[in-house]
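Enquirer: For reference, the file coords34.cif (mmCIF, C-alpha atoms and all ligand atoms) is included below:
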data_my_file
#
loop_
_atom_site.label_atom_id
_atom_site.label_comp_id
_atom_site.auth_asym_id
_atom_site.auth_seq_id
_atom_site.Cartn_x
_atom_site.Cartn_y
_atom_site.Cartn_z
CA MET A 1270 56.58 -67.13 -26.94
CA LEU A 1271 53.79 -68.52 -24.78
CA GLN A 1272 51.02 -70.32 -26.64
CA ARG A 1273 47.61 -68.63 -26.29
CA VAL A 1274 45.40 -70.73 -23.94
CA LEU A 1275 41.76 -69.85 -23.28
CA GLU A 1276 40.02 -71.12 -20.14
CA PRO A 1277 36.76 -69.81 -18.63
CA GLU A 1278 37.34 -67.15 -15.98
CA THR A 1279 35.58 -67.69 -12.64
CA LEU A 1280 34.20 -64.16 -12.29
CA ASP A 1281 32.22 -64.55 -15.55
CA HIS A 1282 30.25 -67.39 -13.96
CA LEU A 1283 29.47 -65.89 -10.57
CA ALA A 1284 26.16 -64.12 -9.87
CA PRO A 1285 26.54 -60.32 -9.82
CA ASP A 1286 25.42 -60.15 -6.17
CA ASP A 1287 27.71 -62.96 -4.99
CA PRO A 1288 29.97 -61.37 -2.32
CA VAL A 1289 32.98 -63.21 -3.78
CA ALA A 1290 32.26 -61.64 -7.19
CA GLN A 1291 31.77 -58.21 -5.64
CA ARG A 1292 35.09 -58.53 -3.87
CA SER A 1293 36.78 -59.67 -7.08
CA ARG A 1294 35.43 -56.62 -8.94
CA ARG A 1295 36.91 -54.40 -6.23
CA ASP A 1296 40.20 -56.28 -6.66
CA LEU A 1297 39.99 -55.58 -10.38
CA ARG A 1298 39.85 -51.85 -9.68
CA ARG A 1299 43.08 -52.17 -7.68
CA VAL A 1300 44.67 -54.27 -10.42
CA ASN A 1301 43.66 -51.65 -13.03
CA ALA A 1302 45.10 -48.88 -10.85
CA PHE A 1303 48.33 -50.83 -10.36
CA MET A 1304 48.65 -51.41 -14.13
CA GLY A 1305 48.02 -47.72 -14.88
CA ALA A 1306 44.90 -48.66 -16.88
CA ARG A 1307 43.32 -45.20 -16.99
CA GLY A 1308 46.36 -43.55 -18.57
CA ILE A 1309 46.87 -46.46 -20.97
CA LEU A 1310 43.22 -46.36 -22.03
CA GLU A 1311 43.29 -42.58 -22.49
CA ARG A 1312 46.38 -42.82 -24.68
CA ALA A 1313 44.70 -45.53 -26.78
CA LEU A 1314 41.52 -43.41 -27.02
CA SER A 1315 43.51 -40.40 -28.23
CA LYS A 1316 45.39 -42.50 -30.75
CA ALA A 1317 42.25 -44.16 -32.15
CA LEU A 1318 40.11 -41.01 -32.17
CA GLY A 1319 42.66 -38.55 -33.51
CA ALA A 1320 40.91 -35.20 -33.84
CA THR A 1321 37.40 -36.76 -33.86
CA ALA A 1322 36.54 -35.73 -30.28
CA GLU A 1323 37.21 -32.07 -31.06
CA THR A 1324 35.57 -32.24 -34.53
CA VAL A 1325 32.40 -33.83 -33.16
CA GLY A 1326 32.28 -31.21 -30.39
CA GLY A 1327 32.21 -28.50 -33.07
CA THR A 1328 29.16 -30.05 -34.79
CA GLY A 1329 26.92 -29.77 -31.74
CA ARG A 1330 26.30 -33.52 -31.49
CA ARG A 1331 27.62 -35.67 -28.69
CA LEU A 1332 30.64 -37.95 -29.05
CA ARG A 1333 29.26 -41.51 -28.92
CA ILE A 1334 31.33 -44.11 -27.09
CA ILE A 1335 30.46 -47.70 -26.21
CA GLU A 1336 32.48 -49.75 -23.74
CA LEU A 1337 32.25 -53.51 -24.24
CA GLY A 1338 32.58 -55.74 -21.16
CA CYS A 1339 32.53 -52.65 -18.97
CA GLY A 1340 32.24 -54.50 -15.63
CA ASP A 1341 31.19 -52.01 -12.94
CA GLY A 1342 31.86 -49.08 -15.32
CA LYS A 1343 34.28 -47.41 -12.94
CA LEU A 1344 37.35 -47.37 -15.16
CA MET A 1345 35.66 -45.19 -17.79
CA LEU A 1346 34.31 -43.07 -14.94
CA ASP A 1347 37.93 -42.26 -14.07
CA VAL A 1348 38.45 -41.32 -17.72
CA ALA A 1349 35.31 -39.12 -17.67
CA ARG A 1350 36.52 -37.33 -14.54
CA HIS A 1351 39.93 -36.81 -16.05
CA ARG A 1352 38.79 -35.87 -19.59
CA GLY A 1353 35.44 -34.25 -18.76
CA ALA A 1354 36.63 -30.67 -19.16
CA ARG A 1355 38.09 -31.39 -22.61
CA TRP A 1356 35.31 -33.74 -23.76
CA PRO A 1357 32.20 -32.35 -22.10
CA GLU A 1358 29.63 -33.81 -24.49
CA VAL A 1359 29.90 -37.59 -24.36
CA GLU A 1360 27.18 -40.20 -24.67
CA LEU A 1361 28.49 -43.46 -23.24
CA ASP A 1362 26.91 -46.92 -23.52
CA LEU A 1363 28.19 -49.36 -20.94
CA LEU A 1364 27.68 -52.90 -22.23
CA ASP A 1365 28.11 -55.98 -20.10
CA ARG A 1366 26.38 -59.35 -19.92
CA GLN A 1367 25.82 -58.79 -16.20
CA PRO A 1368 23.81 -55.98 -14.58
CA ILE A 1369 26.61 -54.57 -12.47
CA VAL A 1370 26.74 -50.85 -13.24
CA GLU A 1371 25.19 -49.21 -10.20
CA PRO A 1372 22.83 -46.21 -10.39
CA ALA A 1373 25.37 -44.28 -8.26
CA THR A 1374 27.97 -44.83 -11.00
CA ILE A 1375 25.61 -43.45 -13.65
CA ALA A 1376 24.98 -40.44 -11.40
CA ALA A 1377 28.73 -39.95 -11.02
CA TYR A 1378 29.07 -39.87 -14.83
CA ALA A 1379 26.36 -37.21 -14.97
CA ALA A 1380 28.27 -35.19 -12.37
CA ALA A 1381 31.33 -35.43 -14.64
CA GLY A 1382 29.19 -34.19 -17.56
CA TRP A 1383 28.82 -37.51 -19.42
CA GLN A 1384 25.50 -39.10 -20.28
CA ALA A 1385 25.99 -42.81 -19.48
CA ARG A 1386 23.55 -45.70 -19.71
CA PRO A 1387 23.98 -49.38 -18.97
CA ARG A 1388 23.21 -51.91 -21.67
CA ILE A 1389 22.88 -55.55 -20.60
CA ALA A 1390 23.68 -57.82 -23.53
CA ASP A 1391 25.99 -60.51 -24.76
CA VAL A 1392 28.61 -58.78 -26.88
CA LEU A 1393 28.33 -61.30 -29.72
CA ASP A 1394 24.62 -60.45 -30.03
CA TRP A 1395 25.59 -56.77 -30.13
CA ALA A 1396 28.21 -57.52 -32.80
CA ALA A 1397 25.65 -59.32 -34.96
CA GLU A 1398 23.05 -56.54 -34.80
CA SER A 1399 22.83 -54.02 -37.62
CA ASP A 1400 20.71 -51.04 -36.70
CA PRO A 1401 21.90 -48.16 -38.91
CA ALA A 1402 20.47 -45.67 -36.42
CA GLU A 1403 22.92 -46.96 -33.82
CA HIS A 1404 26.47 -46.05 -34.62
CA TRP A 1405 29.36 -45.13 -32.36
CA ASP A 1406 32.39 -42.90 -32.87
CA ILE A 1407 34.48 -45.37 -30.91
CA VAL A 1408 34.32 -48.75 -29.16
CA VAL A 1409 36.40 -49.12 -26.01
CA ALA A 1410 37.38 -52.35 -24.27
CA ASN A 1411 39.62 -53.01 -21.29
CA LEU A 1412 40.62 -56.56 -20.27
CA PHE A 1413 37.85 -57.93 -22.42
CA LEU A 1414 38.83 -59.18 -25.91
CA HIS A 1415 40.93 -61.95 -24.38
CA HIS A 1416 37.73 -63.74 -23.28
CA PHE A 1417 37.12 -64.90 -26.85
CA ASP A 1418 38.42 -67.72 -29.01
CA ALA A 1419 39.65 -67.06 -32.55
CA ASP A 1420 36.19 -67.20 -34.20
CA GLY A 1421 34.50 -65.20 -31.43
CA LEU A 1422 37.23 -62.57 -31.66
CA ARG A 1423 36.87 -62.25 -35.44
CA ARG A 1424 33.08 -61.97 -35.05
CA LEU A 1425 33.44 -59.32 -32.34
CA LEU A 1426 36.01 -57.27 -34.25
CA ALA A 1427 33.91 -57.43 -37.44
CA GLY A 1428 30.94 -56.14 -35.39
CA CYS A 1429 33.10 -53.23 -34.20
CA ALA A 1430 34.11 -52.47 -37.81
CA ARG A 1431 30.44 -52.41 -38.88
CA ARG A 1432 29.07 -50.49 -35.92
CA ALA A 1433 31.77 -47.91 -35.12
CA ASP A 1434 34.41 -45.70 -36.69
CA ALA A 1435 37.20 -46.61 -34.26
CA LEU A 1436 38.25 -49.12 -31.61
CA ALA A 1437 40.62 -48.78 -28.66
CA ALA A 1438 41.30 -52.00 -26.75
CA CYS A 1439 43.69 -52.60 -23.85
CA GLU A 1440 44.35 -56.25 -23.08
CA PRO A 1441 46.65 -58.42 -20.98
CA ARG A 1442 50.04 -58.84 -22.61
CA ARG A 1443 50.89 -62.52 -23.05
CA SER A 1444 54.49 -62.57 -21.86
CA ARG A 1445 56.49 -64.54 -19.33
CA PHE A 1446 57.07 -61.35 -17.33
CA ALA A 1447 53.33 -60.57 -17.15
CA LEU A 1448 52.59 -64.19 -16.25
CA GLY A 1449 55.11 -64.05 -13.40
CA ALA A 1450 53.55 -60.80 -12.16
CA ALA A 1451 50.04 -62.30 -12.36
CA HIS A 1452 51.16 -64.98 -9.91
CA LEU A 1453 52.01 -62.19 -7.44
CA ILE A 1454 48.73 -60.28 -7.35
CA PHE A 1455 48.03 -61.60 -3.86
CA PHE A 1456 50.34 -58.74 -2.85
CA LEU A 1457 47.49 -56.41 -3.92
CA GLY A 1458 45.17 -58.24 -1.51
CA ALA A 1459 43.33 -60.04 -4.35
CA ASN A 1460 41.00 -62.93 -3.51
CA ALA A 1461 41.29 -66.45 -4.92
CA VAL A 1462 38.99 -65.67 -7.88
CA THR A 1463 41.02 -62.63 -8.93
CA ARG A 1464 44.30 -64.50 -8.48
CA ARG A 1465 43.13 -67.39 -10.69
CA ASP A 1466 41.50 -65.13 -13.30
CA GLY A 1467 44.59 -62.91 -13.43
CA VAL A 1468 46.78 -65.85 -14.49
CA LEU A 1469 44.17 -67.11 -16.98
CA SER A 1470 43.88 -63.59 -18.46
CA VAL A 1471 47.58 -63.41 -19.21
CA ARG A 1472 47.55 -66.89 -20.79
CA ALA A 1473 44.63 -65.77 -22.99
CA GLY A 1474 46.18 -62.36 -23.68
CA PHE A 1475 47.81 -61.05 -26.85
CA PHE A 1476 51.18 -60.40 -28.33
CA GLY A 1477 52.74 -58.95 -31.49
CA ARG A 1478 50.22 -58.38 -34.32
CA GLU A 1479 47.66 -60.97 -33.23
CA LEU A 1480 44.76 -58.52 -32.92
CA SER A 1481 45.59 -56.80 -36.22
CA ASP A 1482 45.65 -60.22 -37.90
CA ALA A 1483 42.26 -61.13 -36.38
CA TRP A 1484 40.86 -57.77 -37.54
CA GLN A 1485 42.18 -58.21 -41.07
CA ALA A 1486 40.91 -61.80 -41.27
CA GLY A 1487 37.35 -60.41 -41.13
CA PRO A 1488 34.39 -62.39 -39.75
CA PRO A 1489 34.30 -66.20 -39.86
CA PRO A 1490 32.81 -67.65 -43.08
CA GLY A 1491 29.03 -67.20 -43.29
CA ASP A 1492 28.92 -64.02 -41.17
CA ALA A 1493 28.09 -60.57 -42.59
CA ALA A 1494 31.25 -58.71 -43.55
CA PRO A 1495 31.87 -55.02 -42.74
CA ALA A 1496 31.11 -52.70 -45.68
CA GLU A 1497 34.54 -51.05 -45.66
CA ALA A 1498 37.59 -52.88 -47.01
CA PRO A 1499 40.23 -53.77 -44.39
CA SER A 1500 42.53 -51.27 -46.15
CA ALA A 1501 40.18 -48.44 -45.14
CA TRP A 1502 41.35 -48.89 -41.53
CA ARG A 1503 44.52 -47.64 -39.91
CA LEU A 1504 45.69 -50.23 -37.38
CA ASP A 1505 48.09 -49.76 -34.52
CA GLU A 1506 49.11 -52.53 -32.14
CA TYR A 1507 51.65 -51.87 -29.42
CA ASP A 1508 52.67 -52.52 -25.81
CA ASP A 1509 52.04 -49.88 -23.14
CA GLY A 1510 53.19 -50.09 -19.53
CA LEU A 1511 54.61 -53.33 -18.16
CA PHE A 1512 51.65 -55.64 -18.67
CA THR A 1513 49.30 -54.20 -21.31
CA HIS A 1514 48.93 -54.86 -25.02
CA CYS A 1515 46.88 -52.29 -26.97
CA PHE A 1516 45.09 -52.38 -30.28
CA CYS A 1517 43.64 -49.32 -32.06
CA ALA A 1518 41.71 -49.27 -35.33
CA THR A 1519 40.54 -46.10 -37.05
CA LEU A 1520 38.44 -45.76 -40.17
CA VAL A 1521 40.32 -43.38 -42.43
CA GLY A 1522 38.19 -40.82 -44.26
CA GLY A 1523 34.88 -41.67 -42.53
CA ARG A 1524 32.00 -43.55 -44.12
CA ASP A 1525 28.70 -42.82 -45.89
CA ARG A 1526 25.84 -43.01 -43.40
C1 LIG B 1601 37.76 -58.96 -16.68
S1 LIG B 1601 36.23 -58.12 -16.61
C2 LIG B 1601 36.73 -56.49 -17.11
C3 LIG B 1601 35.79 -55.41 -16.63
C4 LIG B 1601 36.21 -53.98 -16.96
N1 LIG B 1601 36.40 -53.79 -18.37
C5 LIG B 1601 37.46 -53.57 -16.21
O1 LIG B 1601 38.50 -53.33 -16.81
O2 LIG B 1601 37.37 -53.49 -14.98
C6 LIG B 1601 35.37 -58.72 -18.03
C7 LIG B 1601 33.91 -58.31 -18.11
O3 LIG B 1601 33.38 -58.83 -19.34
C8 LIG B 1601 32.05 -59.28 -19.11
N2 LIG B 1601 31.77 -60.28 -20.16
C9 LIG B 1601 32.37 -61.48 -20.35
N3 LIG B 1601 31.87 -62.10 -21.44
C10 LIG B 1601 30.95 -61.27 -21.98
C11 LIG B 1601 30.11 -61.32 -23.11
N4 LIG B 1601 30.11 -62.38 -23.92
N5 LIG B 1601 29.28 -60.28 -23.38
C12 LIG B 1601 29.28 -59.19 -22.56
N6 LIG B 1601 30.05 -59.07 -21.45
C13 LIG B 1601 30.89 -60.11 -21.16
C14 LIG B 1601 32.05 -59.83 -17.72
O4 LIG B 1601 30.74 -59.82 -17.15
C15 LIG B 1601 33.01 -58.85 -17.01
O5 LIG B 1601 32.32 -57.80 -16.41
#
Spell out the structure here as structure tokens.

Expert:
Amino acid sequence: MLQRVLEPETLDHLAPDDPVAQRSRRDLRRVNAFMGARGILERALSKALGATAETVGGTGRRLRIIELGCGDGKLMLDVARHRGARWPEVELDLLDRQPIVEPATIAAYAAAGWQARPRIADVLDWAAESDPAEHWDIVVANLFLHHFDADGLRRLLAGCARRADALAACEPRRSRFALGAAHLIFFLGANAVTRRDGVLSVRAGFFGRELSDAWQAGPPPGDAAPAEAPSAWRLDEYDDGLFTHCFCATLVGGRDR
């Protein structure tokens, strides 16, 4: 198996209004479409949420979702358009370090019936916060967790366990096949940034039970631990499609809040 190698991705270091970055984000939409990301993410959401979406709907409150590293926010918009009729009452926070969710995207969410708002923050700051008034039914991440080294990942996952009742993450699969395919994304018309980042993403991606192990390891020493024991969570880690590795965590039996 390929060794996990983490190198900074170019897009993370380009200004949001840099035309090269804008082009690369458009490329990413094509890459997501090619990988079948919407369907994969919806399946992971269903798995991690179980009956929660329907149960919450019956209580009159909105289902609270936060997407970490949301980019331009357009992938979840596809989910909203596809799921809107079944999940009409969703409150969605779109967190990214860069201010790249456009007002038109927020308006498109509203048209699909979802109340979305951008949140500009570093995810590790979010993970360290502990505001009991802010709690989510589920955290969603697509092509995001692989940006972090072992300690950062443990810190991020522990933040998810403290701040939400479920997690659905879809990440690059670290396999020779996916690596070979990443070298071919110029066929999708991707620019040099997307082509380089695509290869780096696969090298930094996940395999087997790596995300479950990071979850169960808890936060690095010295960090606040989640209140619930690791055994209170149902974990599911699996491959979906040709290039994606998914991780779902669900708190079994809810928590006292
Ligand atoms: C590969 S893109 C994925 C975007 C989107 N999820 C998608 O599938 O199209 C990763 C995103 O994570 C954001 N990001 C990277 N490091 C971050 C951090 N520490 N905190 C918050 N966002 C971060 C980047 O700005 C970028 O938009």

Enquirer: May I have a table of the residues of chain A lying at most 9 Å from ligand LIG 1601 (chain B), giving each one's closest pair of atoms and their distance in Å to one decimal, counting all atoms listed in the file, ordered by chain and ascending residue number, as CSV?

Expert:
residue,atom,partner,partner_atom,distance
A:Glu1278,CA,B:LIG1601,C1,8.2
A:Leu1280,CA,B:LIG1601,C15,7.2
A:Asp1281,CA,B:LIG1601,C14,5.2
A:His1282,CA,B:LIG1601,O4,8.2
A:Pro1285,CA,B:LIG1601,O4,8.5
A:Arg1294,CA,B:LIG1601,O2,7.1
A:Arg1295,CA,B:LIG1601,O2,8.8
A:Leu1297,CA,B:LIG1601,O2,5.7
A:Arg1298,CA,B:LIG1601,O2,6.1
A:Val1300,CA,B:LIG1601,O2,8.6
A:Asn1301,CA,B:LIG1601,O1,6.6
A:Ala1306,CA,B:LIG1601,O1,7.9
A:Glu1336,CA,B:LIG1601,N1,7.8
A:Leu1337,CA,B:LIG1601,N6,6.6
A:Gly1338,CA,B:LIG1601,O3,3.7
A:Cys1339,CA,B:LIG1601,N1,4.1
A:Gly1340,CA,B:LIG1601,O5,3.4
A:Asp1341,CA,B:LIG1601,O2,6.7
A:Gly1342,CA,B:LIG1601,C4,6.8
A:Lys1343,CA,B:LIG1601,O2,7.1
A:Leu1344,CA,B:LIG1601,O2,6.1
A:Met1345,CA,B:LIG1601,N1,8.7
A:Leu1364,CA,B:LIG1601,C12,6.5
A:Asp1365,CA,B:LIG1601,N6,3.9
A:Arg1366,CA,B:LIG1601,C12,3.9
A:Gln1367,CA,B:LIG1601,O4,5.1
A:Pro1368,CA,B:LIG1601,O4,8.3
A:Ile1369,CA,B:LIG1601,O5,7.7
A:Ile1389,CA,B:LIG1601,C12,7.6
A:Ala1390,CA,B:LIG1601,C12,5.8
A:Asp1391,CA,B:LIG1601,N5,3.6
A:Val1392,CA,B:LIG1601,N5,3.9
A:Leu1393,CA,B:LIG1601,N4,6.2
A:Asp1394,CA,B:LIG1601,N5,8.1
A:Trp1395,CA,B:LIG1601,N5,8.5
A:Val1409,CA,B:LIG1601,N1,9.0
A:Ala1410,CA,B:LIG1601,N1,6.2
A:Asn1411,CA,B:LIG1601,N1,4.4
A:Leu1412,CA,B:LIG1601,C2,5.0
A:Phe1413,CA,B:LIG1601,C6,5.1
A:Leu1414,CA,B:LIG1601,O3,8.5
A:His1415,CA,B:LIG1601,C1,8.8
A:His1416,CA,B:LIG1601,N3,6.4
A:Phe1417,CA,B:LIG1601,N4,8.0
A:Cys1439,CA,B:LIG1601,O1,8.8
A:Asp1466,CA,B:LIG1601,C1,8.0
A:Gly1467,CA,B:LIG1601,C1,8.5
A:Ser1470,CA,B:LIG1601,C1,7.9

Enquirer: Around (25.6, -40.1, -20.4) in the file's own coordinates, what residues are found within 8 Å if you use all atoms listed in the file, given back as an MDAnalysis selection string?

Expert: chainID A and resid 1359:1362 1375 1378:1379 1382:1386

Enquirer: Give me, as JSON, numbers by chain, all polymer residues having an atom no more than 9 Å from Glu1323 (chain A), counting only C-alpha atoms and skipping those fewer than 3 positions away in the same chain.

Expert: {"A": [1319, 1320, 1326, 1327, 1355, 1356]}

Enquirer: Can you list, as number ranges by chain, every protein, DNA or RNA residue that comes within 10 Å of His1404 (chain A) when you count all atoms listed in the file, leaving out same-chain residues fewer than 3 positions away?

Expert: A: 1333-1335, 1399-1401, 1407-1408, 1429, 1431-1434, 1526

Enquirer: What's around Ser1315 (chain A) at 12 Å? Count all atoms listed in the file, leave out sequence neighbours fewer than 3 positions away in its own chain, and write the answer as a list of chain:residue names.

Expert: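 What passes the distance filter is A:Gly1308, A:Ile1309, A:Leu1310, A:Glu1311, A:Arg1312, A:Leu1318, A:Gly1319, A:Ala1320, A:Thr1321, A:Ala1322, A:Glu1323, A:Val1348, A:Arg1352, A:Arg1355, A:Trp1356, A:Ile1407, A:Val1409, A:Ala1435, A:Leu1436, A:Ala1437, A:Ala1438, A:Cys1517, A:Ala1518, A:Thr1519.
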
Enquirer: Once you have the residues from the selection above, write them out as a PDB file, in the coordinates of the input, restricted to C-alpha atoms.

Expert:
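Result file again38.pdb:
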ATOM      1  CA  GLY A1308      46.360 -43.550 -18.570  1.00  0.00           C
ATOM      2  CA  ILE A1309      46.870 -46.460 -20.970  1.00  0.00           C
ATOM      3  CA  LEU A1310      43.220 -46.360 -22.030  1.00  0.00           C
ATOM      4  CA  GLU A1311      43.290 -42.580 -22.490  1.00  0.00           C
ATOM      5  CA  ARG A1312      46.380 -42.820 -24.680  1.00  0.00           C
ATOM      6  CA  LEU A1318      40.110 -41.010 -32.170  1.00  0.00           C
ATOM      7  CA  GLY A1319      42.660 -38.550 -33.510  1.00  0.00           C
ATOM      8  CA  ALA A1320      40.910 -35.200 -33.840  1.00  0.00           C
ATOM      9  CA  THR A1321      37.400 -36.760 -33.860  1.00  0.00           C
ATOM     10  CA  ALA A1322      36.540 -35.730 -30.280  1.00  0.00           C
ATOM     11  CA  GLU A1323      37.210 -32.070 -31.060  1.00  0.00           C
ATOM     12  CA  VAL A1348      38.450 -41.320 -17.720  1.00  0.00           C
ATOM     13  CA  ARG A1352      38.790 -35.870 -19.590  1.00  0.00           C
ATOM     14  CA  ARG A1355      38.090 -31.390 -22.610  1.00  0.00           C
ATOM     15  CA  TRP A1356      35.310 -33.740 -23.760  1.00  0.00           C
ATOM     16  CA  ILE A1407      34.480 -45.370 -30.910  1.00  0.00           C
ATOM     17  CA  VAL A1409      36.400 -49.120 -26.010  1.00  0.00           C
ATOM     18  CA  ALA A1435      37.200 -46.610 -34.260  1.00  0.00           C
ATOM     19  CA  LEU A1436      38.250 -49.120 -31.610  1.00  0.00           C
ATOM     20  CA  ALA A1437      40.620 -48.780 -28.660  1.00  0.00           C
ATOM     21  CA  ALA A1438      41.300 -52.000 -26.750  1.00  0.00           C
ATOM     22  CA  CYS A1517      43.640 -49.320 -32.060  1.00  0.00           C
ATOM     23  CA  ALA A1518      41.710 -49.270 -35.330  1.00  0.00           C
ATOM     24  CA  THR A1519      40.540 -46.100 -37.050  1.00  0.00           C
TER      25      THR A1519
END

Enquirer: Report as a PyMOL selection string all protein, DNA and RNA residues lying within 8 Å of region 1494-1511 of chain A, evaluated on all atoms listed in the file, omitting residues in the same chain fewer than 5 positions from it.

Expert: chain A and resi 1304-1305+1309+1427-1428+1430-1431+1442+1447+1477-1478+1480-1481+1484-1485+1487-1488+1516-1522

Enquirer: Can those selected residues be exported to a file as a short mmCIF file (atom, residue, chain, number, x, y, z; two decimals), in the frame of the given file so that it contains C-alpha atoms?

Expert:
data_model
loop_
_atom_site.label_atom_id
_atom_site.label_comp_id
_atom_site.auth_asym_id
_atom_site.auth_seq_id
_atom_site.Cartn_x
_atom_site.Cartn_y
_atom_site.Cartn_z
CA MET A 1304 48.65 -51.41 -14.13
CA GLY A 1305 48.02 -47.72 -14.88
CA ILE A 1309 46.87 -46.46 -20.97
CA ALA A 1427 33.91 -57.43 -37.44
CA GLY A 1428 30.94 -56.14 -35.39
CA ALA A 1430 34.11 -52.47 -37.81
CA ARG A 1431 30.44 -52.41 -38.88
CA ARG A 1442 50.04 -58.84 -22.61
CA ALA A 1447 53.33 -60.57 -17.15
CA GLY A 1477 52.74 -58.95 -31.49
CA ARG A 1478 50.22 -58.38 -34.32
CA LEU A 1480 44.76 -58.52 -32.92
CA SER A 1481 45.59 -56.80 -36.22
CA TRP A 1484 40.86 -57.77 -37.54
CA GLN A 1485 42.18 -58.21 -41.07
CA GLY A 1487 37.35 -60.41 -41.13
CA PRO A 1488 34.39 -62.39 -39.75
CA PHE A 1516 45.09 -52.38 -30.28
CA CYS A 1517 43.64 -49.32 -32.06
CA ALA A 1518 41.71 -49.27 -35.33
CA THR A 1519 40.54 -46.10 -37.05
CA LEU A 1520 38.44 -45.76 -40.17
CA VAL A 1521 40.32 -43.38 -42.43
CA GLY A 1522 38.19 -40.82 -44.26
#

Enquirer: Any idea what the distance is between CA of Arg1331 (chain A) and CA of Trp1405 (chain A)?

Expert: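 Result for CA of Arg1331 (chain A) versus CA of Trp1405 (chain A): 10.3 Å, one decimal.
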
Enquirer: Separation of CA of Ala1450 (chain A) and CA of Val1462 (chain A), in Å?

Expert: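 CA of Val1462 (chain A) lies at a distance of 15.9 Å from CA of Ala1450 (chain A).
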
Enquirer: Could you name the residues that touch Phe1455 (chain A) at 7 Å or less, counting only C-alpha atoms, but leaving out those on the same chain fewer than 3 positions away, as a ChimeraX atom specification?

Expert: /A:1458-1459,1464

Enquirer: Export, as a short mmCIF file (atom, residue, chain, number, x, y, z; two decimals), in the frame of the given file, the selected residues with C-alpha atoms.

Expert:
data_model
loop_
_atom_site.label_atom_id
_atom_site.label_comp_id
_atom_site.auth_asym_id
_atom_site.auth_seq_id
_atom_site.Cartn_x
_atom_site.Cartn_y
_atom_site.Cartn_z
CA GLY A 1458 45.17 -58.24 -1.51
CA ALA A 1459 43.33 -60.04 -4.35
CA ARG A 1464 44.30 -64.50 -8.48
#

Enquirer: In Å to one decimal, how far is CA of Glu1440 (chain A) from CA of Cys1515 (chain A)?

Expert: 6.1 Å
